[in-house]
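Working notes for the structure below.
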Amino acid sequence: MELDPILLSRLQFAFTVSFHIIFPSFTIGLAAWITTLEGIWLATGNDRFHLIARFWTKVFAVSFAMGVVSGIVMSYEFGTNWSRYSEVVGNVVAPLIGYEVLTAFFLEATFLGLMLFGWNKVPPWLHFLACLAVAVGTTLSAFWILSANSWMQMPAGHEVRNGIAFPVDWLKIIFNPTFPTRLGHMVVAAYITTAFVVFAVGARWLLQDKVVEEARIMIRMGLGLLIVLVPLQGFLGDASGLNTLEHQPVKVAAMEAHWGGPDDTKGPIPWVVFAWPNEAQERNDFQIAIPYVGSLILTHTLDGTIKGLKEFPPQDRPPVAIPFFTFRIMIAMWGIMMLTILTGAVLWLRGRLFQRGLFLRIASYLWPLGFIAVLAGWYTTEVGRQPWVATGLLRTEDAMSPVTGHAVLTSLLLFILVYGIVFTAGGYYISRLLKIGPVPEGDGSDDATALRPLSAAQDAGRKAIQAGE
Amino acid sequence: MDSLWFTYYLPLIWALLIGTAIVLYVLLDGFDLGMGILFPHTKDEGERDQMMNSVAPFWDGNETWLILGGGGLWVAFPKAYAVIMPGVYLPIIFMLLSLVFRGVAFEFRFVSKPDHRKWDVAFAAGSTLAAFFQGVVLGAVVYQLPVENGAFAGGPLAWLHPFSIMCGIGMVAGYALLGCGWLMMRTEGPLARKAQGWALPLLGVLLAFIAAVSIWTPLVIPRIADRWFSLPQFYYLLAVPVLTALVAFSAYRGIRANRGAQTFFSTVGLFLLCFLGLAVSVFPYLVPASVTIWEAAAAPESQLFVLLGTIPLLPIILIYTGFIYWTFRGRLKPGEGYH
């Protein structure tokens, strides 16, 4: 059987990067949240903030470890599977990754040691600075990787000589046209992801009457941040969409499953709620659409229009179904988030936020919202970039390494097996940590084992076992 | 950008920088991978905890040098990166997956107590296999990968031969010896004594490996024989084996006298001399016999752009790394952690 190394490499990259992005999405916000908690603790002396900070540091340690190990894989996959890509855009993209390593990776990985093990080794202000260094590191990492990714979406500041990209203007390369909106969109997405986890866990602890005061702080801080960031994300997402429409119109056409064509060049265009994009016949089956709303969203007018898929040659179009559906999933997640914060805000105003009712019960299950939205958003933008790996410069099919399908199939199966085991275990350990919650200092268990970040989970596990679970 | 400075010296500076990153990686991550390699040799739970605790605050920072090595190769020499990585596809993937297992084992092992046997295995096997495949990759590259028209032109198993396997075993022995030096230097109690006992046979294996590589490579690769044995450079290069013998003796004395620091840093010296010997053998190639430092170089403006950042950033990284090592200094007693 002939195995297609390109398809397999694409599957492998999609698989490994999907697993990877889950962790940075969470740890970028978590590092900032822990730093904030410790700052409040230092400023007010309120030990509850210290307790919450120490607890989430343990969750951070497990998540960060999984982010690191899955991230190292990414930095080598460019070469192992996409060596032509490495060569063609290396002059331009590799320096951005180089700066990510130098400014971000070392900072976060090195100060992590102090953050996890330095609680009683250095003065609190220094520990606070270590947390801050880790938080700054995670954010700088987002800066550089988003810059590199955005450059691939819409290359700028370079020239092509003999098929190889050469840098011309580094500022234009780093701050390429789609970068600022995408960076804002992603960083806010990461904060929202973390805030929903914090909020949901707080709700759960409150419902279980566990560390109630800490749970209230978490609900207030989580929901408070979400009330600001979720609407803001609406604007940033809109800006990102308009930016994409300007620079990658075919991607937006695919996201909206808008075929257009010679007889359909005028607005207004409807917004397709559901359809089954039929690429062979260049139309949508089973379409349900709301008139005018497409124009409103995409052009901010009632009768504007955008280029349809048919206006682009078939070989330059991305697959339609994936960006179409994943975009809708992302929007749906945002809708649920908006509903949640509106309800939460009303209850808060009426002083009923902490009532143990339906709202908190539902909220306690909402922790995955951010993760789903982030993954769906990335699928939209990455699949929507196809058939290019660097738009207009290099097609994905031309970016491949000279490796055989059998080698890639072997590695893909191994990745599925290993990630399946490792990340299932990690998810289980994190959920066990969250189930038990923080253990107030002074009962001994925290001190005896605080050497290891997961020692609390270990104690928690023992207690869970003793409790007959 | 056409002056000699940009086209000749800039790539040389980058070759030195990447060499430095790889050496720092091997030295820093070497001892903590060594911890995993030595792990199965004690059954004592307390000693295993002590081994892990002694490296826990450092391993993540240490491993970042591996990203700098790989990322730096891409930054400065994209053509070499694009030839080598597909050429050693499977061993690189095996190494990465091994690192996944041992990296998470640091965290998972303690969570799952008392039911943590599987993470003991993951830590030991992951560390050992990661070390082994790093050696295999090095061996495969030195032994020459099949290259045509500036691209890798071999099969998925082109890396698999007795020489690369031998390099894998040598790397495992070397990292384990670094780990012994670390334990002798940084821990107290029975574990430090055990490490002293493990060190001597490991030094024997490492020296046998160094001797084998020194005989094997010139015999098989005429280019390397010319480099070492033609006059007059033979006389200068003689310093490398002579120094190696002296440092090996120092390592031996360190082990016999139970001097941890001497053992550790002599082993570091052995690694440095091996890399020096390797550099002498392969220079000016990055992909031996096919792509030179200058052929593989990125655009001078790209090399310069990152170099300008590296000049201030690298010392800063070294300073805060040193600060973390200083914070967690001193010997770790049995049952003790950084607390």
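For the structure tokens, the naming scheme is as follows: chains receive sequential letters (A, B, ...) according to their order of presentation, residues are indexed from 1 within each chain, and ligands are indexed from 1 in presentation order.
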For chain B, which residues have at least one atom within 7 Å of chain A, if we go by only C-alpha atoms? Write them as a compact mmCIF listing (two decimals) with C-alpha atoms, in the first residue's frame, please.
```txt
# COMPACT_ATOMS: atom_id res chain seq x y z
CA PRO B 57 14.49 22.47 40.29
CA PHE B 58 16.86 22.40 37.32
CA ASP B 60 13.32 22.13 32.85
CA GLY B 61 15.85 24.90 32.39
CA THR B 64 15.76 24.33 27.17
CA ILE B 67 15.59 23.60 22.08
CA LEU B 68 18.32 26.22 21.65
CA GLY B 70 17.85 22.51 17.57
CA GLY B 71 16.32 25.96 17.13
CA GLY B 72 19.75 27.56 16.80
CA TRP B 74 17.57 26.14 12.20
CA VAL B 75 18.23 29.85 12.75
CA PRO B 78 18.72 26.07 7.87
CA LYS B 79 20.20 23.88 5.14
CA TYR B 81 18.83 21.48 9.79
CA ALA B 82 16.84 20.53 6.68
CA MET B 85 16.47 16.19 10.69
CA PRO B 86 14.87 14.06 7.95
CA TYR B 89 13.89 11.13 11.51
CA LEU B 90 13.13 8.06 13.59
CA ILE B 93 11.18 11.08 17.20
CA LEU B 96 11.47 13.27 21.77
CA LEU B 99 11.84 12.98 26.78
CA VAL B 100 8.05 13.26 27.02
CA GLY B 103 9.74 14.89 31.71
CA VAL B 104 6.25 14.19 32.96
CA GLU B 107 5.61 15.35 38.21
CA PHE B 110 4.94 11.74 43.15
CA VAL B 111 1.25 12.15 42.47
CA SER B 112 0.63 8.51 41.95
CA LYS B 113 2.36 7.29 45.13
CA PHE B 152 18.81 13.82 2.49
CA PRO B 156 14.19 5.58 6.99
CA ALA B 298 21.34 31.36 6.75
CA ALA B 299 21.23 34.79 5.12
CA SER B 302 19.27 36.64 9.62
CA VAL B 306 19.72 36.94 16.07
CA LEU B 313 20.64 37.68 26.20
CA ILE B 317 20.41 33.62 30.78
CA THR B 321 20.60 30.08 35.58
CA ILE B 324 18.96 29.27 40.48
CA GLY B 337 14.09 18.43 49.85
CA TYR B 338 14.32 22.05 48.87
CA HIS B 339 11.91 23.46 51.29
```
Using DSSP assignments from the backbone, pull out every residue in range 208-408 of chain A that falls under alpha helix (DSSP H) and give it to me as a PyMOL selection string. chain A and resi 212-247+249-255+293-299+321-349+358-363+369-385+405-408
If we count only C-alpha atoms and set the cut-off at 12 Å, which residues sit around range 338-347 of chain A, ignoring sequence neighbours fewer than 3 positions away in its own chain? Please answer as a ChimeraX atom specification. /A:192,195-196,199-200,203,219-220,222-234,331-335,350-367,369
DSSP says strand (DSSP E or B) for which residues of range 150-203 of chain A? Put them as a ChimeraX atom specification? /A:158-161,164-167
